[in-house]
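Chemist: Below is the file start.pdb, which contains PDB, C-alpha atoms.
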MODEL        1
ATOM      1  CA  MET A   1      -1.473 -12.770  17.173  1.00  0.00           C
ATOM      2  CA  PRO A   2      -2.624 -12.920  13.552  1.00  0.00           C
ATOM      3  CA  GLY A   3      -5.661 -10.966  14.630  1.00  0.00           C
ATOM      4  CA  GLU A   4      -3.459  -8.187  15.893  1.00  0.00           C
ATOM      5  CA  LYS A   5      -1.585  -7.992  12.659  1.00  0.00           C
ATOM      6  CA  ASP A   6      -4.803  -7.865  10.692  1.00  0.00           C
ATOM      7  CA  ASP A   7      -5.967  -5.103  12.924  1.00  0.00           C
ATOM      8  CA  SER A   8      -3.145  -2.801  12.018  1.00  0.00           C
ATOM      9  CA  THR A   9      -3.239  -3.871   8.384  1.00  0.00           C
ATOM     10  CA  ARG A  10      -6.703  -2.577   7.992  1.00  0.00           C
ATOM     11  CA  LYS A  11      -6.005   0.671   9.759  1.00  0.00           C
ATOM     12  CA  LYS A  12      -3.261   1.355   7.271  1.00  0.00           C
ATOM     13  CA  LYS A  13      -5.446   0.274   4.417  1.00  0.00           C
ATOM     14  CA  GLU A  14      -8.186   2.637   5.369  1.00  0.00           C
ATOM     15  CA  SER A  15      -5.830   5.508   5.357  1.00  0.00           C
ATOM     16  CA  ILE A  16      -4.374   4.725   1.945  1.00  0.00           C
ATOM     17  CA  VAL A  17      -7.591   4.645  -0.075  1.00  0.00           C
ATOM     18  CA  ASP A  18     -10.782   6.299   1.000  1.00  0.00           C
ATOM     19  CA  LEU A  19     -13.517   3.903  -0.073  1.00  0.00           C
ATOM     20  CA  SER A  20     -16.236   6.277   1.102  1.00  0.00           C
ATOM     21  CA  ARG A  21     -15.684   8.156  -2.155  1.00  0.00           C
ATOM     22  CA  PHE A  22     -16.972   5.081  -3.998  1.00  0.00           C
ATOM     23  CA  ILE A  23     -20.105   4.540  -1.931  1.00  0.00           C
ATOM     24  CA  ASP A  24     -23.162   4.202  -4.198  1.00  0.00           C
ATOM     25  CA  LYS A  25     -20.828   4.144  -7.181  1.00  0.00           C
ATOM     26  CA  LYS A  26     -20.142   1.196  -9.401  1.00  0.00           C
ATOM     27  CA  ILE A  27     -16.751  -0.338  -8.765  1.00  0.00           C
ATOM     28  CA  ARG A  28     -14.759  -3.080 -10.386  1.00  0.00           C
ATOM     29  CA  VAL A  29     -13.169  -5.753  -8.228  1.00  0.00           C
ATOM     30  CA  LYS A  30     -10.680  -8.462  -9.126  1.00  0.00           C
ATOM     31  CA  PHE A  31     -10.169 -11.483  -6.961  1.00  0.00           C
ATOM     32  CA  GLN A  32      -7.384 -13.883  -6.294  1.00  0.00           C
ATOM     33  CA  GLY A  33      -7.849 -16.765  -8.684  1.00  0.00           C
ATOM     34  CA  GLY A  34      -8.947 -14.516 -11.524  1.00  0.00           C
ATOM     35  CA  ARG A  35     -12.618 -13.813 -10.986  1.00  0.00           C
ATOM     36  CA  GLU A  36     -13.814 -10.311 -11.718  1.00  0.00           C
ATOM     37  CA  ALA A  37     -16.962  -8.571 -10.610  1.00  0.00           C
ATOM     38  CA  ALA A  38     -18.579  -5.167 -10.648  1.00  0.00           C
ATOM     39  CA  GLY A  39     -21.262  -3.726  -8.447  1.00  0.00           C
ATOM     40  CA  VAL A  40     -22.509  -0.699  -6.592  1.00  0.00           C
ATOM     41  CA  LEU A  41     -20.520  -0.245  -3.388  1.00  0.00           C
ATOM     42  CA  LYS A  42     -22.958  -0.217  -0.492  1.00  0.00           C
ATOM     43  CA  GLY A  43     -20.555  -0.731   2.342  1.00  0.00           C
ATOM     44  CA  TYR A  44     -17.078  -1.768   3.341  1.00  0.00           C
ATOM     45  CA  ASP A  45     -15.017  -2.375   6.425  1.00  0.00           C
ATOM     46  CA  ALA A  46     -11.452  -1.918   7.448  1.00  0.00           C
ATOM     47  CA  LEU A  47     -10.511  -5.421   6.262  1.00  0.00           C
ATOM     48  CA  LEU A  48     -11.555  -4.427   2.744  1.00  0.00           C
ATOM     49  CA  ASN A  49     -14.625  -6.670   2.832  1.00  0.00           C
ATOM     50  CA  LEU A  50     -17.037  -5.027   0.427  1.00  0.00           C
ATOM     51  CA  VAL A  51     -20.818  -5.067   0.085  1.00  0.00           C
ATOM     52  CA  LEU A  52     -21.746  -4.830  -3.573  1.00  0.00           C
ATOM     53  CA  ASP A  53     -25.277  -4.406  -4.810  1.00  0.00           C
ATOM     54  CA  ASN A  54     -26.491  -5.528  -8.233  1.00  0.00           C
ATOM     55  CA  ALA A  55     -23.193  -7.284  -8.637  1.00  0.00           C
ATOM     56  CA  ILE A  56     -22.299  -8.994 -11.872  1.00  0.00           C
ATOM     57  CA  GLU A  57     -19.480 -11.379 -12.452  1.00  0.00           C
ATOM     58  CA  TYR A  58     -17.587 -11.186 -15.710  1.00  0.00           C
ATOM     59  CA  LEU A  59     -17.230 -14.749 -16.881  1.00  0.00           C
ATOM     60  CA  ARG A  60     -14.007 -16.036 -18.340  1.00  0.00           C
ATOM     61  CA  ASP A  61     -13.139 -18.022 -21.367  1.00  0.00           C
ATOM     62  CA  PRO A  62     -13.173 -21.707 -20.352  1.00  0.00           C
ATOM     63  CA  ASP A  63     -10.153 -22.335 -22.587  1.00  0.00           C
ATOM     64  CA  ASP A  64      -8.148 -19.386 -21.296  1.00  0.00           C
ATOM     65  CA  PRO A  65      -9.130 -18.530 -17.734  1.00  0.00           C
ATOM     66  CA  HIS A  66      -7.206 -15.256 -17.927  1.00  0.00           C
ATOM     67  CA  LYS A  67      -9.343 -13.924 -20.727  1.00  0.00           C
ATOM     68  CA  LEU A  68     -12.686 -12.320 -19.990  1.00  0.00           C
ATOM     69  CA  THR A  69     -15.630 -12.976 -22.262  1.00  0.00           C
ATOM     70  CA  ASN A  70     -18.633 -10.763 -22.805  1.00  0.00           C
ATOM     71  CA  ASP A  71     -20.759 -13.146 -20.745  1.00  0.00           C
ATOM     72  CA  THR A  72     -21.813 -11.991 -17.338  1.00  0.00           C
ATOM     73  CA  ARG A  73     -23.614 -13.564 -14.431  1.00  0.00           C
ATOM     74  CA  GLN A  74     -25.941 -11.711 -12.095  1.00  0.00           C
ATOM     75  CA  LEU A  75     -24.916 -12.106  -8.483  1.00  0.00           C
ATOM     76  CA  GLY A  76     -27.221  -9.589  -6.831  1.00  0.00           C
ATOM     77  CA  LEU A  77     -26.257  -8.359  -3.395  1.00  0.00           C
ATOM     78  CA  ILE A  78     -22.942  -9.826  -2.308  1.00  0.00           C
ATOM     79  CA  VAL A  79     -20.244  -9.537   0.298  1.00  0.00           C
ATOM     80  CA  ALA A  80     -16.831  -9.676  -1.314  1.00  0.00           C
ATOM     81  CA  ARG A  81     -14.261 -11.066   1.079  1.00  0.00           C
ATOM     82  CA  GLY A  82     -11.427  -8.615   1.646  1.00  0.00           C
ATOM     83  CA  THR A  83      -8.645 -11.180   1.822  1.00  0.00           C
ATOM     84  CA  ALA A  84      -9.547 -12.511  -1.635  1.00  0.00           C
ATOM     85  CA  ILE A  85      -9.606  -9.093  -3.294  1.00  0.00           C
ATOM     86  CA  THR A  86      -6.563  -8.090  -5.312  1.00  0.00           C
ATOM     87  CA  VAL A  87      -7.628  -4.965  -7.195  1.00  0.00           C
ATOM     88  CA  VAL A  88     -10.312  -2.343  -6.654  1.00  0.00           C
ATOM     89  CA  ALA A  89     -11.060   0.382  -9.188  1.00  0.00           C
ATOM     90  CA  PRO A  90     -13.976   2.674  -9.974  1.00  0.00           C
ATOM     91  CA  ASN A  91     -15.932   1.258 -12.889  1.00  0.00           C
ATOM     92  CA  ASP A  92     -16.501   4.500 -14.762  1.00  0.00           C
ATOM     93  CA  GLY A  93     -13.655   5.751 -16.850  1.00  0.00           C
ATOM     94  CA  ILE A  94     -12.333   2.269 -17.554  1.00  0.00           C
ATOM     95  CA  GLU A  95     -11.073   1.711 -21.108  1.00  0.00           C
TER      96      GLU A  95
ATOM     97  CA  MET B   1      21.035   0.871   2.628  1.00  0.00           C
ATOM     98  CA  VAL B   2      17.964   1.324   0.471  1.00  0.00           C
ATOM     99  CA  LEU B   3      14.983  -0.434   1.954  1.00  0.00           C
ATOM    100  CA  PRO B   4      12.288  -1.550  -0.471  1.00  0.00           C
ATOM    101  CA  LEU B   5       9.493   0.189   1.356  1.00  0.00           C
ATOM    102  CA  SER B   6      11.394   3.446   1.815  1.00  0.00           C
ATOM    103  CA  LEU B   7      12.130   3.405  -1.895  1.00  0.00           C
ATOM    104  CA  LEU B   8       8.450   2.915  -2.527  1.00  0.00           C
ATOM    105  CA  ARG B   9       7.517   5.732  -0.188  1.00  0.00           C
ATOM    106  CA  THR B  10       9.984   8.006  -1.914  1.00  0.00           C
ATOM    107  CA  ALA B  11       8.462   7.026  -5.245  1.00  0.00           C
ATOM    108  CA  GLN B  12       5.177   8.663  -4.365  1.00  0.00           C
ATOM    109  CA  ASN B  13       3.940  10.931  -7.174  1.00  0.00           C
ATOM    110  CA  HIS B  14       6.282   9.175  -9.573  1.00  0.00           C
ATOM    111  CA  PRO B  15       5.252   6.918 -12.426  1.00  0.00           C
ATOM    112  CA  MET B  16       5.823   3.240 -11.903  1.00  0.00           C
ATOM    113  CA  LEU B  17       4.988  -0.200 -13.197  1.00  0.00           C
ATOM    114  CA  VAL B  18       3.476  -2.813 -10.929  1.00  0.00           C
ATOM    115  CA  GLU B  19       3.315  -6.428 -11.983  1.00  0.00           C
ATOM    116  CA  LEU B  20       0.951  -8.683 -10.110  1.00  0.00           C
ATOM    117  CA  LYS B  21       1.445 -12.355  -9.482  1.00  0.00           C
ATOM    118  CA  ASN B  22      -1.281 -13.065 -12.034  1.00  0.00           C
ATOM    119  CA  GLY B  23       0.844 -11.376 -14.705  1.00  0.00           C
ATOM    120  CA  GLU B  24      -1.217  -8.224 -15.106  1.00  0.00           C
ATOM    121  CA  THR B  25       0.747  -5.006 -15.050  1.00  0.00           C
ATOM    122  CA  TYR B  26      -0.348  -1.561 -13.929  1.00  0.00           C
ATOM    123  CA  ASN B  27       1.365   1.583 -15.151  1.00  0.00           C
ATOM    124  CA  GLY B  28       0.468   4.641 -13.164  1.00  0.00           C
ATOM    125  CA  HIS B  29       1.483   7.328 -10.741  1.00  0.00           C
ATOM    126  CA  LEU B  30       1.831   6.207  -7.156  1.00  0.00           C
ATOM    127  CA  VAL B  31      -0.520   8.131  -4.896  1.00  0.00           C
ATOM    128  CA  SER B  32       0.229   6.317  -1.677  1.00  0.00           C
ATOM    129  CA  CYS B  33       1.423   3.052  -0.233  1.00  0.00           C
ATOM    130  CA  ASP B  34       1.585   1.472   3.179  1.00  0.00           C
ATOM    131  CA  SER B  35       3.808  -0.926   5.034  1.00  0.00           C
ATOM    132  CA  TRP B  36       1.980  -3.900   3.498  1.00  0.00           C
ATOM    133  CA  MET B  37       2.859  -2.597   0.044  1.00  0.00           C
ATOM    134  CA  ASN B  38      -0.793  -1.954  -0.667  1.00  0.00           C
ATOM    135  CA  ILE B  39      -0.711   0.571  -3.431  1.00  0.00           C
ATOM    136  CA  HIS B  40      -2.926   3.332  -4.719  1.00  0.00           C
ATOM    137  CA  LEU B  41      -2.255   4.403  -8.311  1.00  0.00           C
ATOM    138  CA  ARG B  42      -3.827   7.179 -10.329  1.00  0.00           C
ATOM    139  CA  ASP B  43      -4.188   7.369 -14.121  1.00  0.00           C
ATOM    140  CA  ALA B  44      -3.252   3.735 -14.395  1.00  0.00           C
ATOM    141  CA  ILE B  45      -3.138   1.554 -17.486  1.00  0.00           C
ATOM    142  CA  CYS B  46      -3.748  -2.107 -16.874  1.00  0.00           C
ATOM    143  CA  THR B  47      -2.124  -4.508 -19.320  1.00  0.00           C
ATOM    144  CA  SER B  48      -3.302  -8.091 -19.460  1.00  0.00           C
ATOM    145  CA  ARG B  49      -0.802 -10.876 -18.923  1.00  0.00           C
ATOM    146  CA  ASP B  50      -0.423 -11.561 -22.631  1.00  0.00           C
ATOM    147  CA  GLY B  51      -0.047  -7.848 -23.303  1.00  0.00           C
ATOM    148  CA  ASP B  52      -2.815  -7.563 -25.880  1.00  0.00           C
ATOM    149  CA  ARG B  53      -5.511  -5.869 -23.839  1.00  0.00           C
ATOM    150  CA  PHE B  54      -5.250  -2.484 -22.168  1.00  0.00           C
ATOM    151  CA  GLN B  55      -7.538  -0.749 -19.739  1.00  0.00           C
ATOM    152  CA  LYS B  56      -7.251   2.830 -18.623  1.00  0.00           C
ATOM    153  CA  MET B  57      -8.491   3.498 -15.125  1.00  0.00           C
ATOM    154  CA  PRO B  58      -8.500   6.837 -13.325  1.00  0.00           C
ATOM    155  CA  GLU B  59      -7.391   5.181 -10.120  1.00  0.00           C
ATOM    156  CA  VAL B  60      -6.805   1.724  -8.773  1.00  0.00           C
ATOM    157  CA  TYR B  61      -6.078   0.091  -5.454  1.00  0.00           C
ATOM    158  CA  VAL B  62      -3.772  -2.934  -5.473  1.00  0.00           C
ATOM    159  CA  ARG B  63      -3.371  -5.318  -2.570  1.00  0.00           C
ATOM    160  CA  GLY B  64       0.276  -5.628  -1.598  1.00  0.00           C
ATOM    161  CA  SER B  65       0.263  -9.401  -1.197  1.00  0.00           C
ATOM    162  CA  THR B  66      -0.612  -9.862  -4.880  1.00  0.00           C
ATOM    163  CA  ILE B  67       2.349  -7.874  -6.199  1.00  0.00           C
ATOM    164  CA  LYS B  68       5.202  -9.680  -7.924  1.00  0.00           C
ATOM    165  CA  TYR B  69       7.442  -6.670  -8.455  1.00  0.00           C
ATOM    166  CA  LEU B  70       7.494  -2.930  -9.068  1.00  0.00           C
ATOM    167  CA  ARG B  71       9.570  -0.981 -11.556  1.00  0.00           C
ATOM    168  CA  ILE B  72      10.547   2.417 -10.262  1.00  0.00           C
ATOM    169  CA  PRO B  73      12.312   5.227 -12.169  1.00  0.00           C
ATOM    170  CA  ASP B  74      16.070   5.515 -11.604  1.00  0.00           C
ATOM    171  CA  GLU B  75      15.923   9.037 -10.241  1.00  0.00           C
ATOM    172  CA  VAL B  76      13.911   7.811  -7.272  1.00  0.00           C
ATOM    173  CA  VAL B  77      16.798   5.553  -6.272  1.00  0.00           C
ATOM    174  CA  GLU B  78      19.045   8.621  -6.170  1.00  0.00           C
ATOM    175  CA  MET B  79      16.434  10.472  -4.165  1.00  0.00           C
ATOM    176  CA  VAL B  80      16.079   7.702  -1.650  1.00  0.00           C
ATOM    177  CA  LYS B  81      19.845   7.555  -1.140  1.00  0.00           C
ATOM    178  CA  ASP B  82      19.880  11.245  -0.295  1.00  0.00           C
ATOM    179  CA  GLU B  83      16.862  10.781   1.905  1.00  0.00           C
ATOM    180  CA  VAL B  84      18.446   7.906   3.796  1.00  0.00           C
ATOM    181  CA  LYS B  85      21.548  10.040   4.371  1.00  0.00           C
ATOM    182  CA  GLU B  86      19.382  12.863   5.628  1.00  0.00           C
ATOM    183  CA  VAL B  87      17.468  10.564   7.968  1.00  0.00           C
ATOM    184  CA  ARG B  88      20.701   9.085   9.312  1.00  0.00           C
ATOM    185  CA  ARG B  89      22.018  12.564   9.989  1.00  0.00           C
ATOM    186  CA  GLN B  90      18.852  13.524  11.766  1.00  0.00           C
ATOM    187  CA  GLN B  91      18.893  10.347  13.817  1.00  0.00           C
ATOM    188  CA  LYS B  92      22.486  11.004  14.801  1.00  0.00           C
ATOM    189  CA  ASP B  93      21.621  14.539  15.817  1.00  0.00           C
ATOM    190  CA  ASN B  94      18.627  13.271  17.740  1.00  0.00           C
ATOM    191  CA  THR B  95      20.552  10.663  19.686  1.00  0.00           C
ATOM    192  CA  ARG B  96      23.280  13.177  20.417  1.00  0.00           C
ATOM    193  CA  ALA B  97      20.734  15.696  21.630  1.00  0.00           C
ATOM    194  CA  LYS B  98      19.047  13.042  23.726  1.00  0.00           C
ATOM    195  CA  LYS B  99      22.348  12.036  25.310  1.00  0.00           C
ATOM    196  CA  ASN B 100      23.161  15.626  26.103  1.00  0.00           C
ATOM    197  CA  PHE B 101      19.723  16.121  27.524  1.00  0.00           C
ATOM    198  CA  GLN B 102      19.988  13.027  29.721  1.00  0.00           C
ATOM    199  CA  ARG B 103      23.380  14.099  30.951  1.00  0.00           C
ATOM    200  CA  GLY B 104      22.056  17.537  31.729  1.00  0.00           C
ATOM    201  CA  ALA B 105      18.961  16.188  33.420  1.00  0.00           C
ATOM    202  CA  GLY B 106      20.997  13.722  35.461  1.00  0.00           C
ATOM    203  CA  GLY B 107      23.137  16.541  36.837  1.00  0.00           C
ATOM    204  CA  ASN B 108      20.390  19.030  37.539  1.00  0.00           C
ATOM    205  CA  VAL B 109      17.285  17.133  38.494  1.00  0.00           C
ATOM    206  CA  GLY B 110      18.863  14.730  40.976  1.00  0.00           C
ATOM    207  CA  GLY B 111      16.982  11.654  41.906  1.00  0.00           C
ATOM    208  CA  PRO B 112      14.377  11.529  44.636  1.00  0.00           C
ATOM    209  CA  PRO B 113      12.072   9.350  42.516  1.00  0.00           C
ATOM    210  CA  ARG B 114      14.888   7.231  41.156  1.00  0.00           C
ATOM    211  CA  GLY B 115      17.367   5.231  43.257  1.00  0.00           C
ATOM    212  CA  GLY B 116      19.857   6.907  45.673  1.00  0.00           C
ATOM    213  CA  GLY B 117      20.920  10.458  44.980  1.00  0.00           C
ATOM    214  CA  ALA B 118      24.547  10.125  45.890  1.00  0.00           C
ATOM    215  CA  PRO B 119      25.778   7.602  43.312  1.00  0.00           C
ATOM    216  CA  ARG B 120      23.811   9.307  40.596  1.00  0.00           C
ATOM    217  CA  GLY B 121      25.273  12.679  41.353  1.00  0.00           C
ATOM    218  CA  GLY B 122      28.721  11.179  41.425  1.00  0.00           C
ATOM    219  CA  ARG B 123      28.284   9.483  38.097  1.00  0.00           C
ATOM    220  CA  GLY B 124      26.988  12.593  36.456  1.00  0.00           C
ATOM    221  CA  GLY B 125      29.947  14.549  37.715  1.00  0.00           C
ATOM    222  CA  GLN B 126      32.430  12.027  36.447  1.00  0.00           C
ATOM    223  CA  ARG B 127      30.843  11.980  33.057  1.00  0.00           C
ATOM    224  CA  GLY B 128      30.951  15.694  32.865  1.00  0.00           C
ATOM    225  CA  ARG B 129      34.661  15.705  33.653  1.00  0.00           C
ATOM    226  CA  LYS B 130      35.448  13.168  30.943  1.00  0.00           C
TER     227      LYS B 130
ENDMDL
END
Take the structure in the file and write it out as structure tokens.
Modeler:
Amino acid sequence: MPGEKDDSTRKKKESIVDLSRFIDKKIRVKFQGGREAAGVLKGYDALLNLVLDNAIEYLRDPDDPHKLTNDTRQLGLIVARGTAITVVAPNDGIE
Amino acid sequence: MVLPLSLLRTAQNHPMLVELKNGETYNGHLVSCDSWMNIHLRDAICTSRDGDRFQKMPEVYVRGSTIKYLRIPDEVVEMVKDEVKEVRRQQKDNTRAKKNFQRGAGGNVGGPPRGGGAPRGGRGGQRGRK
């Protein structure tokens, strides 16, 4: 049953944003729990799982976990789990 | 009755504010949304939870399950009311048309595939008379 629901969720999701436009482009991803990462989108699926190449994580202030610092951490090639993703945006044109 | 998701659908191409559960807010124009309240905004400004950092982004996709609330311009509420009325009217027309069609079909087509012809014919006739 939950599988079924997921199935239709992703169909809808695909139709609402076309991630193919971002392939080979750097995108910014925020996760549930406050982590943030950026990387070159190499692939994705209908559940919004993303493959990011040369990914970096933006580290947060240990005192204020909502505040990003200038520190980053190299993650390399990663799969970002769709269910944990809250926000996706192209990285160029930010700020 | 104004349903949240129909309001949201009506709000497409309108500016709106989206606050996430983490306190961040996104101001932008709604491009599209779906029945999970996943949202696609263009020309969005992201404001951090303490309101002292801003980020402009040409477009952003927000997962519906992370949304706390959305602020939608008043005029959209008016629009959605009209739209709901329109939909109701259409639905009424549709059901009426369907009923008429069924009545007509019942009279004319008769029922070899469906159960006994005689009672069906009789019923159709009675209905027509009423």
Chemist: Step by step, work through what the PyMOL selection byres ((chain B) within 12 of (chain A)) selects in the shown file, and finish by giving those residues as a tab-separated table (two decimals) with C-alpha atoms, keeping the file's coordinate frame.
Modeler:
chain	number	residue	atom	x	y	z
B	18	VAL	CA	3.48	-2.81	-10.93
B	20	LEU	CA	0.95	-8.68	-10.11
B	21	LYS	CA	1.44	-12.36	-9.48
B	22	ASN	CA	-1.28	-13.06	-12.03
B	23	GLY	CA	0.84	-11.38	-14.70
B	24	GLU	CA	-1.22	-8.22	-15.11
B	25	THR	CA	0.75	-5.01	-15.05
B	26	TYR	CA	-0.35	-1.56	-13.93
B	30	LEU	CA	1.83	6.21	-7.16
B	31	VAL	CA	-0.52	8.13	-4.90
B	32	SER	CA	0.23	6.32	-1.68
B	33	CYS	CA	1.42	3.05	-0.23
B	34	ASP	CA	1.58	1.47	3.18
B	35	SER	CA	3.81	-0.93	5.03
B	36	TRP	CA	1.98	-3.90	3.50
B	37	MET	CA	2.86	-2.60	0.04
B	38	ASN	CA	-0.79	-1.95	-0.67
B	39	ILE	CA	-0.71	0.57	-3.43
B	40	HIS	CA	-2.93	3.33	-4.72
B	41	LEU	CA	-2.26	4.40	-8.31
B	42	ARG	CA	-3.83	7.18	-10.33
B	43	ASP	CA	-4.19	7.37	-14.12
B	44	ALA	CA	-3.25	3.74	-14.40
B	45	ILE	CA	-3.14	1.55	-17.49
B	46	CYS	CA	-3.75	-2.11	-16.87
B	47	THR	CA	-2.12	-4.51	-19.32
B	48	SER	CA	-3.30	-8.09	-19.46
B	49	ARG	CA	-0.80	-10.88	-18.92
B	50	ASP	CA	-0.42	-11.56	-22.63
B	51	GLY	CA	-0.05	-7.85	-23.30
B	52	ASP	CA	-2.82	-7.56	-25.88
B	53	ARG	CA	-5.51	-5.87	-23.84
B	54	PHE	CA	-5.25	-2.48	-22.17
B	55	GLN	CA	-7.54	-0.75	-19.74
B	56	LYS	CA	-7.25	2.83	-18.62
B	57	MET	CA	-8.49	3.50	-15.12
B	58	PRO	CA	-8.50	6.84	-13.32
B	59	GLU	CA	-7.39	5.18	-10.12
B	60	VAL	CA	-6.80	1.72	-8.77
B	61	TYR	CA	-6.08	0.09	-5.45
B	62	VAL	CA	-3.77	-2.93	-5.47
B	63	ARG	CA	-3.37	-5.32	-2.57
B	64	GLY	CA	0.28	-5.63	-1.60
B	65	SER	CA	0.26	-9.40	-1.20
B	66	THR	CA	-0.61	-9.86	-4.88
B	67	ILE	CA	2.35	-7.87	-6.20
Chemist: Find the residues around region 83-97 of chain B up to 10 Å (all atoms listed in the file counted), leave out those fewer than 3 positions away in its own chain, and share them as a list of chain:residue names.
Modeler: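 Listed by chain and then number, they are B:Met1, B:Val2, B:Leu3, B:Ser6, B:Leu7, B:Thr10, B:Val77, B:Glu78, B:Met79, B:Val80, B:Asn100, B:Phe101, B:Gln102, B:Arg103.
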Chemist: Write the selection just made, keeping C-alpha atoms, as a tab-separated table (two decimals), keeping the file's coordinate frame?
Modeler:
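Just written: selection10.tsv:
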chain	number	residue	atom	x	y	z
B	1	MET	CA	21.04	0.87	2.63
B	2	VAL	CA	17.96	1.32	0.47
B	3	LEU	CA	14.98	-0.43	1.95
B	6	SER	CA	11.39	3.45	1.82
B	7	LEU	CA	12.13	3.40	-1.90
B	10	THR	CA	9.98	8.01	-1.91
B	77	VAL	CA	16.80	5.55	-6.27
B	78	GLU	CA	19.05	8.62	-6.17
B	79	MET	CA	16.43	10.47	-4.16
B	80	VAL	CA	16.08	7.70	-1.65
B	100	ASN	CA	23.16	15.63	26.10
B	101	PHE	CA	19.72	16.12	27.52
B	102	GLN	CA	19.99	13.03	29.72
B	103	ARG	CA	23.38	14.10	30.95
Chemist: Please evaluate the PyMOL selection byres ((chain A and resi 80) around 8) against the structure above and give the resulting residues as a list in words.
Modeler: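 In the shown coordinates, the PyMOL selection byres ((chain A and resi 80) around 8) covers Asn49, Leu50, Val51, Leu52, Ile78, Val79, Arg81, Gly82, Ala84 and Ile85 of chain A.
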Chemist: So how far away is CA of Asp53 (chain A) from CA of Val40 (chain A), in Å?
Modeler: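 That distance, rounded to one decimal, is 5.0 Å.
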Chemist: Here's a test: counting all atoms listed in the file, identify every protein, DNA and RNA residue with an atom at most 10 Å from (-16.5, -14.7, -18.2) in the file's coordinate frame, and state them as JSON, numbers by chain.
Modeler: {"A": [35, 36, 37, 57, 58, 59, 60, 61, 62, 65, 66, 67, 68, 69, 70, 71, 72, 73]}
Chemist: Could you save those same residues with C-alpha atoms as a compact mmCIF listing (two decimals), keeping the file's coordinate frame?
Modeler:
# COMPACT_ATOMS: atom_id res chain seq x y z
CA ARG A 35 -12.62 -13.81 -10.99
CA GLU A 36 -13.81 -10.31 -11.72
CA ALA A 37 -16.96 -8.57 -10.61
CA GLU A 57 -19.48 -11.38 -12.45
CA TYR A 58 -17.59 -11.19 -15.71
CA LEU A 59 -17.23 -14.75 -16.88
CA ARG A 60 -14.01 -16.04 -18.34
CA ASP A 61 -13.14 -18.02 -21.37
CA PRO A 62 -13.17 -21.71 -20.35
CA PRO A 65 -9.13 -18.53 -17.73
CA HIS A 66 -7.21 -15.26 -17.93
CA LYS A 67 -9.34 -13.92 -20.73
CA LEU A 68 -12.69 -12.32 -19.99
CA THR A 69 -15.63 -12.98 -22.26
CA ASN A 70 -18.63 -10.76 -22.80
CA ASP A 71 -20.76 -13.15 -20.74
CA THR A 72 -21.81 -11.99 -17.34
CA ARG A 73 -23.61 -13.56 -14.43
Chemist: To verify the selection step, state as a count of residues only which residues the PyMOL selection byres ((chain B and resi 70-74) around 8) yields on this input.
Modeler: 14
Chemist: Please report the interatomic distance between CA of Ile23 (chain A) and CA of Tyr44 (chain A) in Å with one decimal.
Modeler: 8.8 Å
Chemist: Please, what distance in Å, to one decimal, runs between CA of Ile56 (chain A) and CA of Asp18 (chain A)?
Modeler: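 Spanning CA of Ile56 (chain A) to CA of Asp18 (chain A) is a straight-line distance of 23.1 Å.
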Chemist: For Leu77 (chain A), which of A:Ser20, A:Asp63, A:Leu41, A:Ala46 is the closest residue, counting only C-alpha atoms?
Modeler: A:Leu41
